[in-house]
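This is start_3.pdb. It holds PDB, C-alpha atoms and all ligand atoms.
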ATOM      1  CA  MET A   1     -66.042 -11.635   8.477
ATOM      2  CA  VAL A   2     -63.059  -9.650   7.353
ATOM      3  CA  ILE A   3     -59.382 -10.195   6.773
ATOM      4  CA  ILE A   4     -56.716  -7.744   5.690
ATOM      5  CA  VAL A   5     -53.073  -8.536   5.042
ATOM      6  CA  GLN A   6     -50.036  -6.380   4.394
ATOM      7  CA  GLY A   7     -46.776  -7.277   2.754
ATOM      8  CA  GLY A   8     -44.698  -4.238   3.590
ATOM      9  CA  ALA A   9     -44.469  -0.573   2.633
ATOM     10  CA  GLY A  10     -41.767   1.414   0.870
ATOM     11  CA  THR A  11     -40.539   1.872  -2.688
ATOM     12  CA  ILE A  12     -41.428  -1.635  -3.653
ATOM     13  CA  LYS A  13     -40.238  -3.477  -6.724
ATOM     14  CA  ARG A  14     -41.778  -6.499  -8.405
ATOM     15  CA  LEU A  15     -45.231  -5.429  -7.418
ATOM     16  CA  ALA A  16     -47.008  -8.053  -9.528
ATOM     17  CA  ARG A  17     -45.440 -10.974  -7.650
ATOM     18  CA  ARG A  18     -46.181  -9.384  -4.337
ATOM     19  CA  ARG A  19     -49.754  -8.686  -5.400
ATOM     20  CA  VAL A  20     -50.258 -12.363  -6.207
ATOM     21  CA  GLY A  21     -48.717 -13.215  -2.827
ATOM     22  CA  VAL A  22     -50.930 -10.996  -0.675
ATOM     23  CA  ILE A  23     -54.062 -12.007  -2.565
ATOM     24  CA  LYS A  24     -53.307 -15.700  -2.022
ATOM     25  CA  ALA A  25     -52.576 -15.165   1.684
ATOM     26  CA  CYS A  26     -55.771 -13.156   2.046
ATOM     27  CA  GLN A  27     -57.851 -15.831   0.328
ATOM     28  CA  LEU A  28     -56.359 -18.591   2.475
ATOM     29  CA  GLY A  29     -57.067 -16.608   5.650
ATOM     30  CA  TYR A  30     -60.592 -15.812   4.528
ATOM     31  CA  GLY A  31     -61.140 -19.500   3.776
ATOM     32  CA  VAL A  32     -60.334 -20.239   7.412
ATOM     33  CA  LEU A  33     -62.947 -17.693   8.539
ATOM     34  CA  GLN A  34     -65.512 -19.163   6.136
ATOM     35  CA  ASN A  35     -64.932 -22.590   7.645
ATOM     36  CA  SER A  36     -65.776 -21.158  11.081
ATOM     37  CA  GLY A  37     -62.120 -20.778  11.986
ATOM     38  CA  SER A  38     -61.142 -18.159  14.539
ATOM     39  CA  ALA A  39     -59.563 -14.787  13.784
ATOM     40  CA  ILE A  40     -56.230 -15.979  15.200
ATOM     41  CA  ASP A  41     -56.297 -19.077  12.943
ATOM     42  CA  ALA A  42     -56.958 -16.844   9.944
ATOM     43  CA  VAL A  43     -54.177 -14.429  10.866
ATOM     44  CA  GLU A  44     -51.678 -17.252  11.389
ATOM     45  CA  THR A  45     -52.652 -18.970   8.126
ATOM     46  CA  ALA A  46     -52.250 -15.761   6.118
ATOM     47  CA  ILE A  47     -48.913 -14.914   7.705
ATOM     48  CA  VAL A  48     -47.509 -18.453   7.292
ATOM     49  CA  GLU A  49     -48.321 -18.188   3.581
ATOM     50  CA  LEU A  50     -46.405 -14.894   3.346
ATOM     51  CA  GLU A  51     -43.511 -16.218   5.422
ATOM     52  CA  ASN A  52     -43.205 -19.107   2.954
ATOM     53  CA  ASN A  53     -43.197 -16.724  -0.027
ATOM     54  CA  PRO A  54     -39.601 -15.592  -0.744
ATOM     55  CA  TRP A  55     -40.800 -12.219  -2.086
ATOM     56  CA  PHE A  56     -41.609 -10.957   1.374
ATOM     57  CA  ASN A  57     -39.312  -9.938   4.190
ATOM     58  CA  ALA A  58     -40.468 -12.600   6.618
ATOM     59  CA  GLY A  59     -39.578 -16.260   7.018
ATOM     60  CA  THR A  60     -37.975 -17.619   3.828
ATOM     61  CA  GLY A  61     -36.272 -14.777   1.951
ATOM     62  CA  ALA A  62     -36.165 -12.437   4.940
ATOM     63  CA  ALA A  63     -33.669  -9.578   4.997
ATOM     64  CA  LEU A  64     -30.144 -10.320   6.225
ATOM     65  CA  GLY A  65     -28.570  -8.444   9.086
ATOM     66  CA  ILE A  66     -25.088  -6.924   8.938
ATOM     67  CA  THR A  67     -23.485 -10.276   9.803
ATOM     68  CA  GLY A  68     -25.197 -12.013   6.895
ATOM     69  CA  GLU A  69     -27.563 -13.894   9.162
ATOM     70  CA  ILE A  70     -31.318 -13.769   9.372
ATOM     71  CA  GLU A  71     -32.929 -12.890  12.690
ATOM     72  CA  LEU A  72     -36.689 -12.972  12.720
ATOM     73  CA  ASP A  73     -39.298 -11.139  14.786
ATOM     74  CA  ALA A  74     -42.997 -12.002  15.007
ATOM     75  CA  SER A  75     -45.999 -11.503  17.243
ATOM     76  CA  ILE A  76     -49.650 -12.448  17.434
ATOM     77  CA  MET A  77     -52.465 -11.129  19.615
ATOM     78  CA  THR A  78     -56.175 -11.602  20.204
ATOM     79  CA  ASP A  79     -58.714  -9.097  21.489
ATOM     80  CA  ASP A  80     -58.724 -10.603  25.004
ATOM     81  CA  LEU A  81     -55.128  -9.315  25.228
ATOM     82  CA  LYS A  82     -53.574 -12.748  24.922
ATOM     83  CA  CYS A  83     -50.324 -12.369  23.025
ATOM     84  CA  GLY A  84     -47.099 -14.127  22.158
ATOM     85  CA  ALA A  85     -43.963 -13.078  20.349
ATOM     86  CA  VAL A  86     -40.486 -14.138  19.304
ATOM     87  CA  ALA A  87     -37.584 -11.764  18.752
ATOM     88  CA  CYS A  88     -34.258 -12.431  17.046
ATOM     89  CA  ILE A  89     -35.151 -16.041  16.403
ATOM     90  CA  LYS A  90     -33.075 -17.952  13.841
ATOM     91  CA  ASP A  91     -33.497 -20.994  11.626
ATOM     92  CA  VAL A  92     -37.218 -21.539  11.973
ATOM     93  CA  LYS A  93     -39.484 -21.572   8.959
ATOM     94  CA  ASN A  94     -42.546 -19.939  10.504
ATOM     95  CA  PRO A  95     -41.856 -17.607  13.425
ATOM     96  CA  ILE A  96     -45.513 -16.552  13.592
ATOM     97  CA  SER A  97     -46.424 -20.117  14.601
ATOM     98  CA  VAL A  98     -43.709 -20.103  17.271
ATOM     99  CA  ALA A  99     -45.137 -16.778  18.531
ATOM    100  CA  ARG A 100     -48.521 -18.451  18.789
ATOM    101  CA  LYS A 101     -46.981 -21.265  20.818
ATOM    102  CA  VAL A 102     -45.500 -18.663  23.182
ATOM    103  CA  LEU A 103     -49.037 -17.317  23.595
ATOM    104  CA  GLU A 104     -50.578 -20.740  24.157
ATOM    105  CA  GLU A 105     -47.904 -22.716  25.963
ATOM    106  CA  THR A 106     -45.977 -20.299  28.184
ATOM    107  CA  ASP A 107     -46.520 -17.735  30.926
ATOM    108  CA  HIS A 108     -44.468 -15.225  28.947
ATOM    109  CA  ILE A 109     -45.067 -12.825  26.100
ATOM    110  CA  ILE A 110     -41.740 -12.531  24.270
ATOM    111  CA  LEU A 111     -38.989 -15.135  23.904
ATOM    112  CA  SER A 112     -35.810 -13.987  22.234
ATOM    113  CA  GLY A 113     -32.590 -15.258  20.666
ATOM    114  CA  GLU A 114     -31.321 -18.672  21.653
ATOM    115  CA  GLY A 115     -34.062 -19.159  24.194
ATOM    116  CA  ALA A 116     -36.637 -18.660  21.462
ATOM    117  CA  VAL A 117     -34.850 -21.158  19.203
ATOM    118  CA  LYS A 118     -34.675 -23.728  22.008
ATOM    119  CA  PHE A 119     -38.355 -23.243  22.722
ATOM    120  CA  ALA A 120     -39.175 -23.665  19.029
ATOM    121  CA  ARG A 121     -37.278 -26.960  18.893
ATOM    122  CA  GLN A 122     -39.065 -28.146  22.030
ATOM    123  CA  MET A 123     -42.331 -27.363  20.294
ATOM    124  CA  GLY A 124     -41.265 -29.454  17.297
ATOM    125  CA  PHE A 125     -40.197 -26.718  14.840
ATOM    126  CA  LYS A 126     -37.318 -28.170  12.810
ATOM    127  CA  PRO A 127     -34.130 -26.246  11.809
ATOM    128  CA  TYR A 128     -34.664 -24.462   8.498
ATOM    129  CA  ASN A 129     -32.386 -22.415   6.214
ATOM    130  CA  LEU A 130     -34.154 -19.170   5.290
ATOM    131  CA  ILE A 131     -31.489 -17.499   3.137
ATOM    132  CA  THR A 132     -32.314 -17.124  -0.566
ATOM    133  CA  GLN A 133     -29.951 -16.322  -3.471
ATOM    134  CA  ARG A 134     -31.705 -13.001  -4.019
ATOM    135  CA  ARG A 135     -31.016 -11.920  -0.451
ATOM    136  CA  LYS A 136     -27.396 -13.049  -0.716
ATOM    137  CA  LYS A 137     -26.946 -10.833  -3.782
ATOM    138  CA  MET A 138     -28.582  -7.855  -2.074
ATOM    139  CA  PHE A 139     -26.359  -8.397   0.922
ATOM    140  CA  ALA A 140     -23.174  -8.499  -1.182
ATOM    141  CA  LYS A 141     -24.175  -5.231  -2.885
ATOM    142  CA  ARG A 142     -24.758  -3.431   0.370
ATOM    143  CA  ILE A 143     -21.646  -4.780   2.016
ATOM    144  CA  ASN A 144     -19.692  -3.366  -0.935
ATOM    145  CA  LYS A 145     -21.273   0.005  -0.348
ATOM    146  CA  LEU A 146     -20.247  -0.155   3.270
ATOM    147  CA  LYS A 147     -16.724  -1.088   2.242
ATOM    148  CA  GLN A 148     -16.557   1.950  -0.026
ATOM    149  CA  GLY A 149     -17.027   4.017   3.089
ATOM    150  CA  LYS A 150     -20.468   5.207   2.115
ATOM    151  CA  THR A 151     -21.997   4.233   5.372
ATOM    152  CA  LEU A 152     -19.470   5.110   7.996
ATOM    153  CA  LYS A 153     -22.089   6.938   9.950
ATOM    154  CA  TYR A 154     -24.063   3.798   9.554
ATOM    155  CA  LEU A 155     -25.893   3.464  12.801
ATOM    156  CA  PRO A 156     -27.619   6.806  13.249
ATOM    157  CA  GLN A 157     -28.487   6.869   9.565
ATOM    158  CA  LEU A 158     -29.679   3.340   9.208
ATOM    159  CA  GLY A 159     -32.961   4.427   7.671
ATOM    160  CA  LYS A 160     -31.202   5.801   4.598
ATOM    161  CA  PHE A 161     -30.146   2.374   3.499
ATOM    162  CA  ILE A 162     -33.591   1.009   3.427
ATOM    163  CA  SER A 163     -35.778   1.451   0.429
ATOM    164  CA  GLU A 164     -38.442  -1.064   1.225
ATOM    165  CA  TYR A 165     -40.038  -2.598   4.247
ATOM    166  CA  GLY A 166     -41.262  -6.054   3.371
ATOM    167  CA  THR A 167     -42.671  -7.167   6.682
ATOM    168  CA  VAL A 168     -45.926  -9.104   6.578
ATOM    169  CA  GLY A 169     -48.978  -8.848   8.774
ATOM    170  CA  ALA A 170     -52.667  -9.625   9.025
ATOM    171  CA  CYS A 171     -55.758  -8.591  10.982
ATOM    172  CA  ALA A 172     -58.999 -10.557  11.046
ATOM    173  CA  LEU A 173     -62.512 -10.440  12.471
ATOM    174  CA  ASP A 174     -64.274 -13.800  12.680
ATOM    175  CA  LYS A 175     -67.919 -14.795  12.707
ATOM    176  CA  ASP A 176     -68.039 -14.526  16.511
ATOM    177  CA  LYS A 177     -66.770 -10.919  16.199
ATOM    178  CA  ARG A 178     -63.426 -11.838  17.688
ATOM    179  CA  LEU A 179     -60.427  -9.856  16.505
ATOM    180  CA  ALA A 180     -56.776 -10.833  16.070
ATOM    181  CA  ALA A 181     -53.629  -9.320  14.609
ATOM    182  CA  GLY A 182     -50.159 -10.599  13.781
ATOM    183  CA  THR A 183     -46.913  -9.382  12.231
ATOM    184  CA  SER A 184     -43.746 -11.164  11.065
ATOM    185  CA  THR A 185     -40.448  -9.831   9.708
ATOM    186  CA  GLY A 186     -36.770 -10.291   9.058
ATOM    187  CA  GLY A 187     -36.287  -6.726  10.286
ATOM    188  CA  ILE A 188     -34.605  -3.928   8.409
ATOM    189  CA  PHE A 189     -31.858  -4.838   5.972
ATOM    190  CA  MET A 190     -28.308  -4.752   7.420
ATOM    191  CA  HIS A 191     -29.430  -4.344  10.995
ATOM    192  CA  LEU A 192     -26.991  -4.957  13.811
ATOM    193  CA  PRO A 193     -27.020  -8.434  15.363
ATOM    194  CA  GLY A 194     -29.494  -8.626  18.194
ATOM    195  CA  ARG A 195     -31.581  -5.733  16.948
ATOM    196  CA  VAL A 196     -35.262  -6.112  17.764
ATOM    197  CA  GLY A 197     -37.752  -4.131  15.705
ATOM    198  CA  ASP A 198     -41.378  -3.233  16.300
ATOM    199  CA  SER A 199     -42.891  -6.431  14.940
ATOM    200  CA  PRO A 200     -42.571  -8.543  18.130
ATOM    201  CA  ILE A 201     -43.349  -5.629  20.425
ATOM    202  CA  ILE A 202     -46.936  -5.714  21.568
ATOM    203  CA  GLY A 203     -48.342  -2.218  21.160
ATOM    204  CA  ALA A 204     -45.727  -1.213  18.585
ATOM    205  CA  GLY A 205     -45.974  -3.514  15.553
ATOM    206  CA  THR A 206     -49.038  -5.491  16.636
ATOM    207  CA  TYR A 207     -52.038  -4.873  18.858
ATOM    208  CA  ALA A 208     -55.547  -6.239  19.329
ATOM    209  CA  SER A 209     -58.219  -5.290  21.829
ATOM    210  CA  PRO A 210     -62.035  -5.361  21.850
ATOM    211  CA  LEU A 211     -61.804  -2.066  19.905
ATOM    212  CA  GLY A 212     -59.799  -3.316  16.949
ATOM    213  CA  ALA A 213     -56.746  -5.031  15.531
ATOM    214  CA  VAL A 214     -53.647  -3.418  13.991
ATOM    215  CA  SER A 215     -50.458  -4.551  12.227
ATOM    216  CA  CYS A 216     -47.671  -2.154  11.202
ATOM    217  CA  THR A 217     -44.758  -2.084   8.794
ATOM    218  CA  GLY A 218     -42.002   0.485   8.332
ATOM    219  CA  LEU A 219     -39.021   1.714  10.279
ATOM    220  CA  GLY A 220     -39.387  -0.214  13.516
ATOM    221  CA  GLU A 221     -37.402   2.160  15.698
ATOM    222  CA  TRP A 222     -39.988   4.875  15.092
ATOM    223  CA  ILE A 223     -42.945   2.547  15.331
ATOM    224  CA  ILE A 224     -41.723   1.513  18.794
ATOM    225  CA  LYS A 225     -41.291   5.128  19.932
ATOM    226  CA  LEU A 226     -44.824   5.969  18.865
ATOM    227  CA  CYS A 227     -46.419   2.717  20.134
ATOM    228  CA  LEU A 228     -48.139   2.927  16.816
ATOM    229  CA  ALA A 229     -50.367  -0.156  16.926
ATOM    230  CA  LYS A 230     -51.623   0.681  20.426
ATOM    231  CA  ILE A 231     -52.405   4.351  19.730
ATOM    232  CA  THR A 232     -54.229   3.352  16.548
ATOM    233  CA  CYS A 233     -56.166   0.674  18.381
ATOM    234  CA  ASP A 234     -57.088   3.021  21.241
ATOM    235  CA  ALA A 235     -58.249   5.652  18.742
ATOM    236  CA  MET A 236     -60.854   3.169  17.520
ATOM    237  CA  GLU A 237     -62.822   3.780  20.697
ATOM    238  CA  LYS A 238     -64.095   6.969  19.062
ATOM    239  CA  LEU A 239     -62.983   6.657  15.452
ATOM    240  CA  SER A 240     -63.623   4.151  12.676
ATOM    241  CA  ALA A 241     -60.608   2.103  11.534
ATOM    242  CA  PRO A 242     -59.973   4.325   8.462
ATOM    243  CA  LYS A 243     -60.070   7.476  10.608
ATOM    244  CA  ALA A 244     -57.842   5.942  13.281
ATOM    245  CA  VAL A 245     -55.303   5.059  10.589
ATOM    246  CA  ASN A 246     -55.444   8.655   9.296
ATOM    247  CA  MET A 247     -54.787   9.901  12.800
ATOM    248  CA  ALA A 248     -51.756   7.605  12.973
ATOM    249  CA  LEU A 249     -50.494   8.917   9.643
ATOM    250  CA  LYS A 250     -50.717  12.497  10.913
ATOM    251  CA  THR A 251     -48.566  11.487  13.885
ATOM    252  CA  ALA A 252     -46.017  10.088  11.449
ATOM    253  CA  LYS A 253     -45.898  13.380   9.576
ATOM    254  CA  THR A 254     -44.919  15.219  12.742
ATOM    255  CA  HIS A 255     -42.084  12.770  13.334
ATOM    256  CA  HIS A 256     -40.956  12.232   9.738
ATOM    257  CA  CYS A 257     -41.093   8.502  10.092
ATOM    258  CA  GLU A 258     -41.965   6.081   7.313
ATOM    259  CA  TYR A 259     -44.527   3.393   7.742
ATOM    260  CA  GLY A 260     -47.743   1.723   6.750
ATOM    261  CA  LEU A 261     -50.446   0.021   8.750
ATOM    262  CA  ILE A 262     -53.592  -2.060   8.443
ATOM    263  CA  ALA A 263     -56.510  -2.144  10.879
ATOM    264  CA  ILE A 264     -59.972  -3.574  11.454
ATOM    265  CA  ASP A 265     -62.400  -2.151  14.002
ATOM    266  CA  LYS A 266     -65.085  -4.067  15.877
ATOM    267  CA  LYS A 267     -67.722  -2.936  13.361
ATOM    268  CA  SER A 268     -65.794  -4.638  10.522
ATOM    269  CA  ARG A 269     -64.522  -1.384   9.067
ATOM    270  CA  ILE A 270     -61.140  -1.565   7.429
ATOM    271  CA  GLY A 271     -58.353   0.970   7.691
ATOM    272  CA  LEU A 272     -55.151   1.018   5.725
ATOM    273  CA  GLY A 273     -52.628   3.737   5.087
ATOM    274  CA  PHE A 274     -48.986   4.490   4.453
ATOM    275  CA  ASN A 275     -46.732   7.467   3.921
ATOM    276  CA  THR A 276     -44.242   5.610   1.714
ATOM    277  CA  THR A 277     -44.541   5.293  -2.063
ATOM    278  CA  GLN A 278     -46.422   2.027  -1.833
ATOM    279  CA  MET A 279     -47.817  -0.563   0.494
ATOM    280  CA  VAL A 280     -48.591  -4.136  -0.483
ATOM    281  CA  TRP A 281     -52.048  -5.070   0.812
ATOM    282  CA  ALA A 282     -55.205  -7.045   0.131
ATOM    283  CA  TYR A 283     -58.440  -7.554   2.005
ATOM    284  CA  ILE A 284     -61.618  -9.562   1.761
ATOM    285  CA  LYS A 285     -64.829  -8.318   3.306
ATOM    286  CA  ASP A 286     -68.216  -9.911   2.659
ATOM    287  CA  ASN A 287     -66.626 -12.139   0.009
ATOM    288  CA  LYS A 288     -65.297  -9.141  -1.931
ATOM    289  CA  LEU A 289     -61.576  -8.942  -2.584
ATOM    290  CA  LYS A 290     -59.746  -5.636  -2.880
ATOM    291  CA  HIS A 291     -56.028  -5.151  -3.330
ATOM    292  CA  PHE A 292     -53.417  -2.513  -4.154
TER     293      PHE A 292
HETATM  294  N1  LIG B   1     -41.018  -2.945  10.832
HETATM  295  C1  LIG B   1     -39.941  -3.826  10.464
HETATM  296  C2  LIG B   1     -38.783  -3.614  11.415
HETATM  297  O1  LIG B   1     -38.405  -2.485  11.663
HETATM  298  C3  LIG B   1     -39.449  -3.639   9.079
HETATM  299  C4  LIG B   1     -40.505  -3.742   8.012
HETATM  300  O2  LIG B   1     -41.630  -3.305   8.212
HETATM  301  O3  LIG B   1     -40.191  -4.283   6.946
HETATM  302  O4  LIG B   1     -38.233  -4.587  11.844
END
Please re-express this file's structure in structure tokens.
Ligand code: ASP
Amino acid sequence: MVIIVQGGAGTIKRLARRRVGVIKACQLGYGVLQNSGSAIDAVETAIVELENNPWFNAGTGAALGITGEIELDASIMTDDLKCGAVACIKDVKNPISVARKVLEETDHIILSGEGAVKFARQMGFKPYNLITQRRKKMFAKRINKLKQGKTLKYLPQLGKFISEYGTVGACALDKDKRLAAGTSTGGIFMHLPGRVGDSPIIGAGTYASPLGAVSCTGLGEWIIKLCLAKITCDAMEKLSAPKAVNMALKTAKTHHCEYGLIAIDKKSRIGLGFNTTQMVWAYIKDNKLKHF
């Protein structure tokens, strides 16, 4: 049994708090596996924990878009290719759990915007205010920068305004050798309303197949172009998870894109890598915890 979680890549501050957060999420997810829970249960449990932790860019404390609102993306997938996702969903505490409901209760894969919110309410997810004081302050600072004219060429250069990617994700392999992966985010800071990143896109931010499970973080626009989770997963047909992740990092070098990713292959091997300054991660394999 294995679980690995990530809490974003970038130039990350307050590492100690984030370390505590990923370790706790990892331990909770591993506890699920130890109690004979499935990989998808473990992934959801770990991600819910990170969504509830305001130090990560997912759920409570997620990054604000340019309008000062939070729009959340999340997806979850199992190795039989069952998947569910929500994009641009607002005012729900745990988008990863709504994504799981999309997987279990609908004939669709992605629900977005108001439709996703309506669906969440139908499924019993109550309205929830996700904005924290810290995010409000960050927002005010960046809006001021914009007002000073520093970001007039804002859209094509969006990446320059981002110093950290705090998305969360998890991959797990359970006792029955089933694999699952999930990812949840508030997206990149100051994004345009309606922007959808890689996290809810199956094959971009999240993928699971009988070969492996992958969750990505980083600049979503590039992760989508590269179908990063899918190419990493497919590479595990011939390569171990660590080698598949290295292959993915080489691809990033060619395209100058910033990201990090975590992976598990069907033989329980763990891959993790990033081309940013840091990535927040923790894993437990055979009862042994390792973290950044
Ligand atoms: N990948 C996320 C996005 O582009 C951002 C992140 O990883 O923090 O929406």
How close does stretch 170-248 of chain A get to stretch 55-63 of chain A? List, as a Markdown table, each residue of stretch 170-248 of chain A within 7 Å, its nearest atom pair and the distance in Å to one decimal, counting only C-alpha atoms.
| residue | atom | partner | partner_atom | distance |
| --- | --- | --- | --- | --- |
| A:Ser184 | CA | A:Ala58 | CA | 5.7 |
| A:Thr185 | CA | A:Ala58 | CA | 4.1 |
| A:Gly186 | CA | A:Ala62 | CA | 4.7 |
| A:Gly187 | CA | A:Ala63 | CA | 6.6 |
| A:Ile188 | CA | A:Ala63 | CA | 6.7 |
| A:Phe189 | CA | A:Ala63 | CA | 5.2 |
Write out as a tab-separated table a residue-level contact list of chain A versus ligand LIG 1 (chain B) with cut-off 9 Å: for each qualifying residue the closest pair of atoms and the distance in Å to one decimal, counting only C-alpha atoms and all ligand atoms, rows sorted by chain and residue number upward.
residue	atom	partner	partner_atom	distance
A:Gly7	CA	B:LIG1	O3	8.4
A:Gly8	CA	B:LIG1	O3	5.6
A:Ala9	CA	B:LIG1	O2	6.8
A:Gly10	CA	B:LIG1	O3	8.5
A:Phe56	CA	B:LIG1	O3	8.8
A:Asn57	CA	B:LIG1	O3	6.4
A:Ala58	CA	B:LIG1	O3	8.3
A:Ala63	CA	B:LIG1	O3	8.6
A:Leu72	CA	B:LIG1	O4	8.6
A:Asp73	CA	B:LIG1	O4	7.3
A:Glu164	CA	B:LIG1	O3	6.8
A:Tyr165	CA	B:LIG1	O3	3.2
A:Gly166	CA	B:LIG1	O3	4.1
A:Thr167	CA	B:LIG1	O3	3.8
A:Val168	CA	B:LIG1	O2	7.4
A:Thr183	CA	B:LIG1	N1	8.8
A:Ser184	CA	B:LIG1	C1	8.3
A:Thr185	CA	B:LIG1	C1	6.1
A:Gly186	CA	B:LIG1	O4	6.5
A:Gly187	CA	B:LIG1	O4	3.3
A:Ile188	CA	B:LIG1	C3	4.9
A:Phe189	CA	B:LIG1	C3	8.3
A:His191	CA	B:LIG1	O4	8.8
A:Arg195	CA	B:LIG1	O4	8.5
A:Val196	CA	B:LIG1	O4	6.8
A:Gly197	CA	B:LIG1	O4	3.9
A:Asp198	CA	B:LIG1	N1	5.5
A:Ser199	CA	B:LIG1	N1	5.7
A:Pro200	CA	B:LIG1	O4	8.6
A:Gly205	CA	B:LIG1	N1	6.9
A:Cys216	CA	B:LIG1	N1	6.7
A:Thr217	CA	B:LIG1	O2	3.4
A:Gly218	CA	B:LIG1	O2	3.8
A:Leu219	CA	B:LIG1	O1	4.5
A:Gly220	CA	B:LIG1	O1	3.1
A:Glu221	CA	B:LIG1	O1	6.2
A:Trp222	CA	B:LIG1	O1	8.3
A:Ile223	CA	B:LIG1	N1	7.4
A:Ile224	CA	B:LIG1	O1	8.8
A:Tyr259	CA	B:LIG1	O2	7.3
A:Gly260	CA	B:LIG1	O2	8.0
Pull C-alpha atoms from the residues just selected and write them as a tab-separated table (two decimals), in the frame of the given file.
chain	number	residue	atom	x	y	z
A	7	GLY	CA	-46.78	-7.28	2.75
A	8	GLY	CA	-44.70	-4.24	3.59
A	9	ALA	CA	-44.47	-0.57	2.63
A	10	GLY	CA	-41.77	1.41	0.87
A	56	PHE	CA	-41.61	-10.96	1.37
A	57	ASN	CA	-39.31	-9.94	4.19
A	58	ALA	CA	-40.47	-12.60	6.62
A	63	ALA	CA	-33.67	-9.58	5.00
A	72	LEU	CA	-36.69	-12.97	12.72
A	73	ASP	CA	-39.30	-11.14	14.79
A	164	GLU	CA	-38.44	-1.06	1.23
A	165	TYR	CA	-40.04	-2.60	4.25
A	166	GLY	CA	-41.26	-6.05	3.37
A	167	THR	CA	-42.67	-7.17	6.68
A	168	VAL	CA	-45.93	-9.10	6.58
A	183	THR	CA	-46.91	-9.38	12.23
A	184	SER	CA	-43.75	-11.16	11.06
A	185	THR	CA	-40.45	-9.83	9.71
A	186	GLY	CA	-36.77	-10.29	9.06
A	187	GLY	CA	-36.29	-6.73	10.29
A	188	ILE	CA	-34.60	-3.93	8.41
A	189	PHE	CA	-31.86	-4.84	5.97
A	191	HIS	CA	-29.43	-4.34	11.00
A	195	ARG	CA	-31.58	-5.73	16.95
A	196	VAL	CA	-35.26	-6.11	17.76
A	197	GLY	CA	-37.75	-4.13	15.70
A	198	ASP	CA	-41.38	-3.23	16.30
A	199	SER	CA	-42.89	-6.43	14.94
A	200	PRO	CA	-42.57	-8.54	18.13
A	205	GLY	CA	-45.97	-3.51	15.55
A	216	CYS	CA	-47.67	-2.15	11.20
A	217	THR	CA	-44.76	-2.08	8.79
A	218	GLY	CA	-42.00	0.48	8.33
A	219	LEU	CA	-39.02	1.71	10.28
A	220	GLY	CA	-39.39	-0.21	13.52
A	221	GLU	CA	-37.40	2.16	15.70
A	222	TRP	CA	-39.99	4.88	15.09
A	223	ILE	CA	-42.94	2.55	15.33
A	224	ILE	CA	-41.72	1.51	18.79
A	259	TYR	CA	-44.53	3.39	7.74
A	260	GLY	CA	-47.74	1.72	6.75
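Between atom CA of A:Lys177 and atom CA of A:Gly271 the interatomic distance comes to 16.9 Å.
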Could you give me the axis-aligned bounding box of stretch 177-188 of chain A, with 8 Å of padding per side, as centre plus edge lengths in Å to one decimal, as AutoDock Vina command-line options?
--center_x -50.7 --center_y -7.9 --center_z 13.0 --size_x 48.2 --size_y 23.9 --size_z 25.3
When the PyMOL selection byres (((chain A and resi 285) around 7) and not hetatm) is applied to the structure above, which residues does it catch, written out as a ChimeraX atom specification?
/A:1-3,283-284,286-289
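Applied to this file, the PyMOL selection byres (((chain A and resi 113) around 8) and not hetatm) selects the residues Ala87, Cys88, Ile89, Lys90, Leu111, Ser112, Glu114, Gly115, Ala116, Val117 and Gly194 of chain A.
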